[in-house]
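Okay, upload38.cif is below, mmCIF, C-alpha atoms:
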data_data
#
loop_
_atom_site.label_atom_id
_atom_site.label_comp_id
_atom_site.auth_asym_id
_atom_site.auth_seq_id
_atom_site.Cartn_x
_atom_site.Cartn_y
_atom_site.Cartn_z
CA MET A 115 112.12 88.94 88.05
CA THR A 116 109.25 89.96 85.79
CA LEU A 117 109.60 89.40 82.06
CA ARG A 118 107.65 91.99 80.15
CA MET A 119 106.53 91.38 76.60
CA LYS A 120 105.47 94.12 74.25
CA PHE A 121 102.31 93.83 72.25
CA PRO A 122 103.19 93.73 68.56
CA THR A 123 101.70 96.72 66.78
CA GLY A 124 102.46 98.31 63.47
CA ALA A 125 102.16 101.91 64.57
CA GLN A 126 104.20 104.04 66.94
CA ASP A 127 103.54 102.92 70.53
CA HIS A 128 103.14 105.34 73.39
CA GLU A 129 103.21 104.11 76.96
CA VAL A 130 102.05 105.92 80.03
CA VAL A 131 102.23 104.47 83.54
CA ILE A 132 99.52 105.42 86.04
CA GLU A 133 100.35 104.56 89.64
CA ILE A 134 97.43 104.48 92.07
CA GLY A 135 97.75 103.03 95.55
CA GLY A 136 101.38 102.21 94.84
CA ILE A 137 100.40 99.88 91.96
CA PRO A 138 101.75 101.05 88.57
CA ILE A 139 99.69 100.08 85.52
CA ALA A 140 100.92 100.84 82.00
CA LEU A 141 98.60 101.87 79.19
CA GLU A 142 99.87 101.47 75.63
CA THR A 143 98.29 103.26 72.72
CA THR A 144 99.18 104.35 69.23
CA ASP A 145 97.12 107.53 69.60
CA ALA A 146 99.16 110.54 70.71
CA GLY A 147 95.98 112.52 71.33
CA PHE A 148 94.77 109.89 73.80
CA VAL A 149 98.09 110.17 75.64
CA ASP A 150 97.47 113.89 76.04
CA LEU A 151 93.99 113.11 77.36
CA LEU A 152 95.48 110.70 79.92
CA LYS A 153 98.07 113.24 80.98
CA GLY A 154 95.33 115.79 81.57
CA ARG A 155 93.24 113.32 83.54
CA TYR A 156 95.84 111.61 85.71
CA GLY A 157 98.42 114.37 86.22
CA GLU A 158 100.56 113.57 89.23
CA TYR A 159 99.55 109.89 89.17
CA MET A 160 101.62 109.38 86.00
CA LYS A 161 105.05 107.90 86.64
CA SER A 162 107.39 108.17 83.72
CA LYS A 163 110.07 105.88 85.14
CA ALA A 164 107.98 103.33 87.03
CA ILE A 165 108.16 99.67 86.01
CA PRO A 166 104.53 98.64 85.61
CA ASP A 167 103.00 95.68 87.43
CA PHE A 168 100.43 95.32 84.64
CA THR A 169 100.11 96.51 81.04
CA PHE A 170 96.98 97.21 79.04
CA ARG A 171 96.95 97.88 75.32
CA VAL A 172 94.23 100.42 74.59
CA ASP A 173 92.51 100.05 71.22
CA LEU A 174 90.41 103.07 70.43
CA ILE A 175 87.20 102.36 68.56
CA ALA A 176 84.45 104.37 66.93
CA PRO A 177 81.57 105.69 69.08
CA ASP A 178 78.44 103.54 69.26
CA SER A 179 80.40 100.31 68.76
CA PHE A 180 78.74 98.83 71.84
CA ASN A 181 75.36 99.14 73.52
CA PRO A 182 75.81 102.38 75.52
CA GLU A 183 73.08 101.42 78.00
CA ALA A 184 74.69 98.17 79.17
CA ASP A 185 75.67 97.99 82.86
CA ALA A 186 79.11 96.91 84.04
CA GLU A 187 79.73 93.17 84.09
CA VAL A 188 82.93 91.62 85.44
CA TRP A 189 83.65 87.92 85.42
CA PHE A 190 86.49 85.42 85.13
CA ALA A 191 86.55 82.97 82.23
CA ASN A 192 89.23 80.94 80.47
CA GLY A 193 92.04 82.34 82.57
CA GLN A 194 91.09 85.97 81.99
CA TRP A 195 89.10 88.66 83.64
CA ARG A 196 86.46 90.17 81.38
CA LEU A 197 85.25 93.69 82.05
CA GLU A 198 82.37 95.00 79.99
CA ARG A 199 80.12 98.00 80.06
CA GLY A 200 78.22 99.97 77.45
CA ASP A 201 81.32 102.03 76.66
CA PHE A 202 84.17 99.52 76.91
CA ARG A 203 85.27 95.90 76.60
CA ALA A 204 88.42 94.75 78.38
CA THR A 205 90.18 91.46 78.99
CA TRP A 206 93.00 91.02 81.44
CA SER A 207 95.12 88.14 82.65
CA GLN A 208 96.51 88.40 86.16
CA GLU A 209 98.98 85.64 85.27
CA SER A 210 100.50 87.24 82.17
CA ARG A 211 99.97 90.71 83.65
CA GLN A 212 98.63 91.95 80.34
CA GLY A 213 95.29 93.02 79.01
CA VAL A 214 93.46 94.76 76.20
CA ILE A 215 90.92 97.58 76.46
CA ARG A 216 88.62 98.53 73.59
CA GLN A 217 86.95 101.88 74.12
CA THR A 218 86.25 105.23 72.54
CA ALA A 219 88.68 108.07 73.17
CA ASN A 220 87.21 109.32 76.43
CA PRO A 221 88.55 109.48 79.98
CA TYR A 222 85.53 107.91 81.70
CA SER A 223 85.92 104.46 80.22
CA ILE A 224 89.59 104.13 81.11
CA ASP A 225 88.80 105.50 84.56
CA SER A 226 86.22 102.74 85.09
CA VAL A 227 88.54 100.01 83.83
CA LEU A 228 91.23 101.20 86.23
CA ARG A 229 88.79 101.29 89.15
CA ILE A 230 87.56 97.78 88.44
CA THR A 231 91.08 96.45 87.94
CA HIS A 232 92.19 97.90 91.26
CA THR A 233 89.18 96.37 93.06
CA LEU A 234 90.22 92.96 91.73
CA LEU A 235 93.84 93.45 92.77
CA LEU A 236 92.92 94.73 96.22
CA ALA A 237 90.48 91.89 96.91
CA ARG A 238 93.31 89.42 97.25
CA THR A 239 95.42 91.61 99.51
CA GLY A 240 92.96 92.72 102.18
CA GLY A 241 92.20 96.12 100.68
CA PHE A 242 89.29 97.70 98.85
CA LEU A 243 87.90 100.80 97.20
CA LEU A 244 85.27 102.47 99.36
CA HIS A 245 82.57 104.96 98.39
CA ALA A 246 84.06 107.63 100.61
CA SER A 247 85.82 110.92 100.52
CA SER A 248 89.04 111.02 102.50
CA ALA A 249 91.58 113.48 103.74
CA VAL A 250 94.86 113.54 105.64
CA ARG A 251 95.15 115.74 108.67
CA ASN A 252 98.03 115.76 111.17
CA GLY A 253 99.52 112.72 109.44
CA LYS A 254 96.37 110.63 109.80
CA ALA A 255 93.78 109.68 107.20
CA PHE A 256 90.04 110.05 107.81
CA LEU A 257 87.42 108.46 105.57
CA PHE A 258 83.87 109.79 105.15
CA SER A 259 81.64 107.13 103.71
CA GLY A 260 78.14 107.13 102.35
CA LEU A 261 76.05 106.56 99.29
CA SER A 262 75.07 109.35 96.90
CA GLU A 263 73.90 112.55 98.63
CA ALA A 264 75.25 111.44 102.02
CA GLY A 265 77.69 114.34 102.04
CA LYS A 266 81.02 112.96 100.79
CA THR A 267 81.72 115.91 98.55
CA THR A 268 80.19 118.38 100.99
CA ILE A 269 82.54 117.42 103.79
CA ALA A 270 85.48 117.42 101.40
CA ARG A 271 84.64 120.97 100.32
CA LEU A 272 84.42 122.04 103.98
CA ALA A 273 87.90 120.70 104.80
CA PRO A 274 90.20 123.21 106.48
CA PRO A 275 93.43 124.37 104.81
CA ASP A 276 95.59 121.98 106.85
CA ALA A 277 93.71 118.92 105.48
CA GLU A 278 94.93 117.34 102.26
CA LEU A 279 92.18 115.76 100.18
CA LEU A 280 92.76 112.20 98.96
CA THR A 281 89.48 111.92 97.03
CA ASP A 282 85.90 113.12 97.21
CA GLU A 283 84.52 109.90 95.73
CA ALA A 284 86.43 106.60 96.01
CA SER A 285 88.88 105.99 98.85
CA TYR A 286 91.72 103.57 98.27
CA VAL A 287 92.38 101.30 101.27
CA ARG A 288 95.35 98.93 101.49
CA ARG A 289 96.74 96.83 104.29
CA VAL A 290 100.46 97.52 104.48
CA ASP A 291 102.69 95.92 107.09
CA GLY A 292 99.72 95.12 109.29
CA ARG A 293 98.09 98.54 109.24
CA TYR A 294 95.54 100.15 107.01
CA MET A 295 96.61 102.96 104.74
CA ALA A 296 94.54 105.35 102.64
CA TYR A 297 95.96 106.51 99.32
CA GLY A 298 95.03 109.43 97.16
CA THR A 299 93.19 108.62 93.97
CA PRO A 300 92.44 110.42 90.72
CA PHE A 301 88.87 109.08 90.98
CA ALA A 302 86.91 112.28 91.43
CA GLY A 303 83.28 112.88 92.27
CA GLU A 304 81.37 116.12 92.05
CA MET A 305 84.48 118.19 92.73
CA GLY A 306 85.97 116.95 89.49
CA THR A 307 89.54 117.23 90.71
CA PRO A 308 91.93 114.37 91.52
CA GLY A 309 93.03 113.84 95.09
CA LYS A 310 96.54 114.46 96.37
CA ASN A 311 98.86 111.57 95.54
CA ILE A 312 99.90 110.81 99.12
CA SER A 313 99.09 108.16 101.72
CA ALA A 314 98.62 107.96 105.48
CA PRO A 315 97.51 105.44 108.11
CA ILE A 316 93.75 105.42 108.57
CA ALA A 317 92.65 106.78 111.95
CA ALA A 318 88.87 106.43 111.54
CA VAL A 319 85.95 105.94 109.20
CA TYR A 320 82.91 108.15 109.57
CA LEU A 321 79.53 107.05 108.20
CA LEU A 322 77.91 110.28 107.06
CA HIS A 323 74.47 111.61 107.87
CA LYS A 324 73.40 115.20 107.33
CA ALA A 325 71.70 116.57 110.43
CA ALA A 326 70.83 119.73 112.32
CA GLU A 327 73.83 119.42 114.63
CA ASN A 328 77.24 117.76 114.70
CA LYS A 329 77.55 114.51 116.61
CA ILE A 330 79.81 111.47 116.62
CA GLU A 331 78.50 108.11 117.81
CA SER A 332 80.14 104.73 117.91
CA VAL A 333 78.84 101.98 115.63
CA ASN A 334 78.78 98.35 116.71
CA PRO A 335 81.06 96.07 114.66
CA ALA A 336 78.32 94.08 112.92
CA GLU A 337 76.58 97.24 111.78
CA ALA A 338 79.94 98.73 110.72
CA ILE A 339 80.65 95.69 108.55
CA ARG A 340 77.19 95.82 107.02
CA ARG A 341 77.55 99.51 106.19
CA LEU A 342 81.05 99.06 104.80
CA MET A 343 79.92 96.20 102.58
CA ARG A 344 77.22 98.44 101.14
CA ASN A 345 79.80 101.05 100.26
CA ILE A 346 82.70 98.91 99.05
CA LEU A 347 83.09 99.09 95.29
CA PHE A 348 83.13 95.60 93.86
CA PHE A 349 81.83 94.54 90.49
CA ALA A 350 82.93 90.95 89.88
CA HIS A 351 80.55 88.00 89.84
CA ASP A 352 83.01 85.84 91.71
CA PRO A 353 81.95 84.18 94.98
CA GLU A 354 85.52 83.53 96.09
CA LEU A 355 86.52 87.18 95.75
CA VAL A 356 83.24 88.36 97.31
CA ARG A 357 84.08 86.18 100.31
CA LEU A 358 87.56 87.73 100.46
CA VAL A 359 86.10 91.24 100.37
CA PHE A 360 83.77 90.33 103.23
CA GLU A 361 86.73 88.99 105.23
CA SER A 362 88.63 92.18 104.45
CA ALA A 363 85.75 94.29 105.76
CA CYS A 364 85.64 92.23 108.96
CA ALA A 365 89.39 92.55 109.49
CA PHE A 366 89.26 96.27 108.77
CA VAL A 367 86.49 96.88 111.30
CA ALA A 368 88.47 94.98 113.92
CA ALA A 369 91.41 97.32 113.38
CA VAL A 370 89.94 100.74 112.56
CA PRO A 371 87.23 102.57 114.54
CA VAL A 372 84.01 103.27 112.64
CA TYR A 373 81.71 106.06 113.77
CA ARG A 374 78.44 107.56 112.69
CA LEU A 375 78.98 111.25 111.97
CA SER A 376 75.85 113.37 111.96
CA PHE A 377 76.82 116.76 110.62
CA PHE A 378 75.43 120.13 109.78
CA PRO A 379 77.05 121.21 106.53
CA ASP A 380 79.36 123.96 107.64
CA GLU A 381 83.05 124.04 108.51
CA ARG A 382 82.51 123.47 112.26
CA VAL A 383 82.18 119.75 111.66
CA TRP A 384 85.92 119.61 111.12
CA ASP A 385 86.44 120.68 114.74
CA LEU A 386 85.53 117.07 115.56
CA ILE A 387 87.99 115.54 113.09
CA GLY A 388 91.69 115.08 113.46
CA MET B 277 50.77 60.58 113.70
CA PRO B 278 54.41 60.79 112.64
CA THR B 279 55.76 64.30 112.03
CA THR B 280 58.42 65.19 109.53
CA GLU B 281 61.55 66.69 111.01
CA THR B 282 63.35 69.63 109.43
CA TYR B 283 67.14 69.70 109.17
CA LEU B 284 69.21 72.81 108.50
CA ALA B 285 72.67 73.34 107.08
CA LYS B 286 74.60 76.46 106.19
CA SER B 287 75.06 76.98 102.47
CA ASN B 288 78.58 76.92 101.05
CA ASP B 289 77.80 80.13 99.18
CA ILE B 290 77.97 82.38 102.19
CA ALA B 291 80.44 84.31 104.28
CA ALA B 292 79.61 84.85 107.94
CA ARG B 293 81.05 86.41 111.05
CA THR B 294 79.67 86.20 114.58
CA LEU B 295 80.43 89.23 116.74
CA GLY B 296 79.25 88.85 120.29
CA ASP B 297 75.71 87.47 120.09
CA GLU B 298 75.00 88.87 116.63
CA THR B 299 75.94 87.33 113.29
CA ILE B 300 76.35 88.97 109.92
CA VAL B 301 75.79 86.61 106.99
CA MET B 302 76.35 87.45 103.36
CA SER B 303 75.44 85.52 100.23
CA THR B 304 78.52 85.35 98.03
CA LEU B 305 76.24 84.85 95.03
CA ASP B 306 74.33 88.13 95.20
CA SER B 307 75.97 89.95 98.16
CA THR B 308 72.70 90.09 100.10
CA ILE B 309 73.45 90.71 103.77
CA PHE B 310 71.52 89.45 106.78
CA MET B 311 71.99 90.57 110.35
CA LEU B 312 71.02 87.83 112.78
CA ASN B 313 69.89 88.76 116.28
CA PRO B 314 70.86 86.58 119.27
CA THR B 315 68.01 84.11 118.65
CA GLY B 316 68.81 83.88 114.96
CA THR B 317 72.48 83.45 115.80
CA ALA B 318 71.63 80.54 118.12
CA ILE B 319 69.72 78.78 115.33
CA TRP B 320 72.45 79.60 112.81
CA GLN B 321 75.19 78.17 114.96
CA ALA B 322 73.22 74.99 115.57
CA ALA B 323 72.48 74.44 111.85
CA ASP B 324 74.85 71.50 111.48
CA GLY B 325 72.78 69.36 109.10
CA ASN B 326 72.14 66.71 111.80
CA THR B 327 70.21 68.44 114.54
CA PRO B 328 66.45 68.64 113.89
CA LEU B 329 64.94 72.12 114.02
CA SER B 330 62.58 71.01 116.78
CA ARG B 331 65.56 70.16 118.99
CA ILE B 332 67.33 73.40 118.11
CA ILE B 333 64.20 75.28 119.17
CA GLU B 334 63.96 73.42 122.45
CA ASP B 335 67.65 73.41 123.36
CA LYS B 336 68.91 76.67 121.89
CA VAL B 337 65.91 78.99 121.73
CA CYS B 338 63.39 78.08 124.44
CA ALA B 339 66.00 77.09 126.99
CA GLU B 340 68.26 80.09 126.49
CA PHE B 341 65.77 82.83 125.66
CA ASP B 342 62.81 81.87 127.81
CA VAL B 343 60.32 81.72 124.92
CA PRO B 344 57.28 79.39 124.80
CA VAL B 345 57.83 76.58 122.34
CA GLU B 346 54.77 77.46 120.24
CA GLN B 347 55.91 81.03 119.71
CA ALA B 348 59.53 79.97 119.15
CA SER B 349 58.45 77.42 116.54
CA VAL B 350 56.51 80.00 114.53
CA ASP B 351 59.33 82.55 114.67
CA ALA B 352 62.02 79.97 113.89
CA ARG B 353 60.10 78.61 110.92
CA GLN B 354 59.70 82.11 109.51
CA PHE B 355 63.41 82.82 110.06
CA VAL B 356 64.47 79.55 108.42
CA ASP B 357 62.15 80.06 105.44
CA GLU B 358 63.51 83.53 104.81
CA LEU B 359 67.15 82.42 104.89
CA ALA B 360 66.36 79.36 102.77
CA GLU B 361 64.62 81.56 100.21
CA HIS B 362 67.87 83.46 99.74
CA GLY B 363 69.98 80.30 99.60
CA ILE B 364 71.65 81.06 102.93
CA LEU B 365 70.31 77.96 104.68
CA ILE B 366 69.72 74.54 103.15
CA VAL B 367 66.56 72.88 104.45
CA SER B 368 65.69 69.19 104.17
CA ASP B 369 63.48 66.59 105.84
CA HIS B 370 66.55 64.34 106.04
CA PRO B 371 69.91 64.92 107.70
CA ILE B 372 72.19 66.92 105.41
CA PRO B 373 75.73 65.56 104.96
CA GLN B 374 78.35 68.25 105.61
#

Exercise: express the given structure as structure tokens:
Amino acid sequence: MTLRMKFPTGAQDHEVVIEIGGIPIALETTDAGFVDLLKGRYGEYMKSKAIPDFTFRVDLIAPDSFNPEADAEVWFANGQWRLERGDFRATWSQESRQGVIRQTANPYSIDSVLRITHTLLLARTGGFLLHASSAVRNGKAFLFSGLSEAGKTTIARLAPPDAELLTDEASYVRRVDGRYMAYGTPFAGEMGTPGKNISAPIAAVYLLHKAAENKIESVNPAEAIRRLMRNILFFAHDPELVRLVFESACAFVAAVPVYRLSFFPDERVWDLIG
Amino acid sequence: MPTTETYLAKSNDIAARTLGDETIVMSTLDSTIFMLNPTGTAIWQAADGNTPLSRIIEDKVCAEFDVPVEQASVDARQFVDELAEHGILIVSDHPIPQ
């Protein structure tokens, strides 16, 4: 049984619960306008009746309170995770399941805090967030991984009508009952639209390369691990968790085929998928 | 003239996985990744803190890969220096307790 404690605040509290990858996280704020912003951003990922696994109080602050140029830093100290970037400061205790976010009223900061929080949660359970677009076709999920300009959004845009897009930017991978599942995420790339909030077992990962013709080649396991590690989103300076992420990548590659997909950017590439 | 031996041990700040005759090694401090070829894997696996590098070269490199000892010594030293520079291998002129 989980005992939930409310943060004491003097003003009217609003709570929204955002469930990504099956993990509900509550955000509490006194700002009704920010709630509307969250509703617009997270749409079908909001669960009005879900009991949250974690709760963040969001304190909205004035612009320019922090150094806007500062890169993201994530570390564990004094029993709490600390997440900082030029546009937010957050602390979070996995033990108490509560945290505080200080940020301006914008959707990008909260989006980053949620991404980082999920990477920390997934690291201990064999999952990860991967720089990849993903889609479900015929009940199976396919991930298309690569760094910027590799073609993640391009291949998502080329998807046929029978493919449901999970994300064009950050794919959510969890190990569930011994198999790997991909979940839709609201984390959007160039397309700017959230993925479908569904999940499916992962059938394959394709490492993207734009080319003159379409071709699929197998990738040896060591190279697959190396490429996955380059594309896994992980921000924490924490050797133990880094080791767990590495182990997760190794286990994933042992269970899911990884291919190199050279593709010419038109819809024919999808003839090879699914 | 006495020569100084070199001893190698794997750092604690790494994660590694050997797949076939290749090994992938990652620093958990800065996430740098190294892919070791079969020769590098042989040296890596023999880096137990007690076996001198000269014996690793003779027993694990020259014997198994048919390489002259002079060439193997140069290549191995370069390999060891590079991994040591990134904190992947610990190098000492004394045996390294594990």

> Of the candidates B:Thr299, B:Thr308, B:Asn313, B:Thr327, which shows the shortest atom-to-atom distance to Val367 in chain B, using only C-alpha atoms?
Replying inline: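 Counting only C-alpha atoms, the residue closest to Val367 in chain B is B:Thr327.
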
>> Would you compute the distance between CA of Ala285 in chain B and CA of Ile309 in chain B? Give it in Å to one decimal.
In response: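 CA of Ile309 in chain B lies 17.7 Å from CA of Ala285 in chain B.
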
>> At a cut-off of 9 Å, which residues of chain B touch chain A? Count only C-alpha atoms and give the answer as a ChimeraX atom specification.
In response: /B:289-295,298-300,302-307,309-311

Export of the given selection (C-alpha atoms) as an mmCIF file, keeping the file's coordinate frame:
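File produced: result16.cif:
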data_model
loop_
_atom_site.group_PDB
_atom_site.id
_atom_site.type_symbol
_atom_site.label_atom_id
_atom_site.label_comp_id
_atom_site.auth_asym_id
_atom_site.auth_seq_id
_atom_site.Cartn_x
_atom_site.Cartn_y
_atom_site.Cartn_z
ATOM 1 C CA ASP B 289 77.800 80.130 99.180
ATOM 2 C CA ILE B 290 77.970 82.380 102.190
ATOM 3 C CA ALA B 291 80.440 84.310 104.280
ATOM 4 C CA ALA B 292 79.610 84.850 107.940
ATOM 5 C CA ARG B 293 81.050 86.410 111.050
ATOM 6 C CA THR B 294 79.670 86.200 114.580
ATOM 7 C CA LEU B 295 80.430 89.230 116.740
ATOM 8 C CA GLU B 298 75.000 88.870 116.630
ATOM 9 C CA THR B 299 75.940 87.330 113.290
ATOM 10 C CA ILE B 300 76.350 88.970 109.920
ATOM 11 C CA MET B 302 76.350 87.450 103.360
ATOM 12 C CA SER B 303 75.440 85.520 100.230
ATOM 13 C CA THR B 304 78.520 85.350 98.030
ATOM 14 C CA LEU B 305 76.240 84.850 95.030
ATOM 15 C CA ASP B 306 74.330 88.130 95.200
ATOM 16 C CA SER B 307 75.970 89.950 98.160
ATOM 17 C CA ILE B 309 73.450 90.710 103.770
ATOM 18 C CA PHE B 310 71.520 89.450 106.780
ATOM 19 C CA MET B 311 71.990 90.570 110.350
#

> range 337-340 of chain B: which residues within 10 Å, counting all atoms listed in the file, same-chain residues fewer than 6 positions away excluded, as JSON, numbers by chain?
Replying inline: {"B": [314, 315, 316, 317, 318, 319, 330, 331, 346, 347, 348, 349, 352]}

>> What's around Asn326 in chain B at 7 Å? Count all atoms listed in the file, leave out sequence neighbours fewer than 4 positions away in its own chain, and write the answer as a PyMOL selection string.
In response: chain B and resi 283+371-372

> Can you tell me, as a list in words, what residues are no more than 10 Å from Gly265 in chain A when counting only C-alpha atoms, ignoring any on the same chain fewer than 6 positions away?
Replying inline: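 Near neighbours after the sequence-gap exclusion: Ala246, Ser247, Phe258, Ser259, Arg271, Asp282, Leu321, Leu322, His323, Lys324, Phe377, Phe378 and Pro379 of chain A.
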
>> What does the structure give for the distance between CA of Arg155 in chain A and CA of Pro221 in chain A, in Å to one decimal?
In response: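 Spanning CA of Arg155 in chain A to CA of Pro221 in chain A is a straight-line distance of 7.0 Å.
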
> Rounded to one decimal in Å, what is the spacing between CA of Leu261 in chain A and CA of Pro315 in chain A?
Replying inline: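 Straight-line distance from CA of Leu261 in chain A to CA of Pro315 in chain A works out to 23.2 Å.
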
> Could you spell out the hits of the PyMOL selection byres ((chain A and resi 257) around 10) on the shown file, as a list in words?
Replying inline: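 Taken on the displayed file, the PyMOL selection byres ((chain A and resi 257) around 10) yields the residues Leu244, His245, Ala246, Ser247, Ser248, Ala249, Val250, Ala255, Phe256, Phe258, Ser259, Gly260, Lys266, Leu280, Thr281, Asp282, Ala284, Ser285, Tyr286, Val287, Ala296, Ile316, Ala317, Ala318, Val319, Tyr320, Leu321, Leu322 and Val372 of chain A.
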
> Expanded to explicit residues, what is the PyMOL selection byres ((chain A and resi 133-142) around 8) for this file, as a PyMOL selection string?
Replying inline: chain A and resi 127-132+143-144+159-161+164-172+286+288+297-300

Expected axis-aligned box over every listed atom of range 323-332 of chain B, 4 Å added per side, centre plus edges in Å to one decimal, as AutoDock Vina command-line options:
--center_x 68.7 --center_y 70.6 --center_z 114.0 --size_x 20.3 --size_y 15.7 --size_z 17.9

>> Taking 3 positions as the minimum chain separation for residues in the same chain, which residues sit within 8 Å of Arg196 in chain A when counting all atoms listed in the file? Answer as a list in words.
In response: Glu187, Val188, Trp189, Phe190, Ala191, Arg203, Ala204, Thr205 and Trp206 of chain A

Reconstruct range 316-323 of chain B at the level of all heavy atoms, and format the result as a PDB file, keeping the file's coordinate frame.
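The file below, result_4.pdb, is the result:
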ATOM      1  N   GLY B 316      68.427  84.353 116.287  1.00  0.00           N
ATOM      2  CA  GLY B 316      68.810  83.880 114.960  1.00  0.00           C
ATOM      3  C   GLY B 316      70.219  83.295 114.962  1.00  0.00           C
ATOM      4  O   GLY B 316      70.504  82.290 114.308  1.00  0.00           O
ATOM      5  N   THR B 317      71.111  83.947 115.705  1.00  0.00           N
ATOM      6  CA  THR B 317      72.480  83.450 115.800  1.00  0.00           C
ATOM      7  C   THR B 317      72.517  82.061 116.435  1.00  0.00           C
ATOM      8  O   THR B 317      73.272  81.179 115.991  1.00  0.00           O
ATOM      9  CB  THR B 317      73.337  84.441 116.629  1.00  0.00           C
ATOM     10  OG1 THR B 317      73.398  85.677 115.920  1.00  0.00           O
ATOM     11  CG2 THR B 317      74.744  83.909 116.847  1.00  0.00           C
ATOM     12  N   ALA B 318      71.678  81.853 117.450  1.00  0.00           N
ATOM     13  CA  ALA B 318      71.630  80.540 118.120  1.00  0.00           C
ATOM     14  C   ALA B 318      71.200  79.454 117.132  1.00  0.00           C
ATOM     15  O   ALA B 318      71.781  78.359 117.087  1.00  0.00           O
ATOM     16  CB  ALA B 318      70.697  80.589 119.314  1.00  0.00           C
ATOM     17  N   ILE B 319      70.192  79.753 116.336  1.00  0.00           N
ATOM     18  CA  ILE B 319      69.720  78.780 115.330  1.00  0.00           C
ATOM     19  C   ILE B 319      70.798  78.576 114.275  1.00  0.00           C
ATOM     20  O   ILE B 319      71.106  77.448 113.875  1.00  0.00           O
ATOM     21  CB  ILE B 319      68.404  79.265 114.692  1.00  0.00           C
ATOM     22  CG1 ILE B 319      67.299  79.336 115.750  1.00  0.00           C
ATOM     23  CG2 ILE B 319      67.993  78.356 113.530  1.00  0.00           C
ATOM     24  CD1 ILE B 319      66.011  79.977 115.270  1.00  0.00           C
ATOM     25  N   TRP B 320      71.392  79.666 113.833  1.00  0.00           N
ATOM     26  CA  TRP B 320      72.450  79.600 112.810  1.00  0.00           C
ATOM     27  C   TRP B 320      73.599  78.712 113.263  1.00  0.00           C
ATOM     28  O   TRP B 320      74.070  77.844 112.521  1.00  0.00           O
ATOM     29  CB  TRP B 320      72.933  81.027 112.528  1.00  0.00           C
ATOM     30  CG  TRP B 320      74.110  81.107 111.600  1.00  0.00           C
ATOM     31  CD1 TRP B 320      75.411  81.294 111.946  1.00  0.00           C
ATOM     32  CD2 TRP B 320      74.088  80.982 110.180  1.00  0.00           C
ATOM     33  NE1 TRP B 320      76.197  81.303 110.830  1.00  0.00           N
ATOM     34  CE2 TRP B 320      75.411  81.114 109.729  1.00  0.00           C
ATOM     35  CE3 TRP B 320      73.076  80.775 109.244  1.00  0.00           C
ATOM     36  CZ2 TRP B 320      75.756  81.042 108.387  1.00  0.00           C
ATOM     37  CZ3 TRP B 320      73.414  80.710 107.905  1.00  0.00           C
ATOM     38  CH2 TRP B 320      74.740  80.834 107.488  1.00  0.00           C
ATOM     39  N   GLN B 321      74.031  78.936 114.477  1.00  0.00           N
ATOM     40  CA  GLN B 321      75.190  78.170 114.960  1.00  0.00           C
ATOM     41  C   GLN B 321      74.868  76.687 115.138  1.00  0.00           C
ATOM     42  O   GLN B 321      75.761  75.845 115.057  1.00  0.00           O
ATOM     43  CB  GLN B 321      75.704  78.779 116.271  1.00  0.00           C
ATOM     44  CG  GLN B 321      76.359  80.141 116.037  1.00  0.00           C
ATOM     45  CD  GLN B 321      76.871  80.791 117.304  1.00  0.00           C
ATOM     46  OE1 GLN B 321      76.320  80.565 118.385  1.00  0.00           O
ATOM     47  NE2 GLN B 321      77.899  81.601 117.194  1.00  0.00           N
ATOM     48  N   ALA B 322      73.592  76.389 115.362  1.00  0.00           N
ATOM     49  CA  ALA B 322      73.220  74.990 115.570  1.00  0.00           C
ATOM     50  C   ALA B 322      72.865  74.279 114.259  1.00  0.00           C
ATOM     51  O   ALA B 322      72.587  73.072 114.256  1.00  0.00           O
ATOM     52  CB  ALA B 322      72.032  74.917 116.528  1.00  0.00           C
ATOM     53  N   ALA B 323      72.872  75.024 113.142  1.00  0.00           N
ATOM     54  CA  ALA B 323      72.480  74.440 111.850  1.00  0.00           C
ATOM     55  C   ALA B 323      73.632  73.595 111.309  1.00  0.00           C
ATOM     56  O   ALA B 323      74.418  74.017 110.460  1.00  0.00           O
ATOM     57  CB  ALA B 323      72.124  75.554 110.869  1.00  0.00           C
TER      58      ALA B 323
END
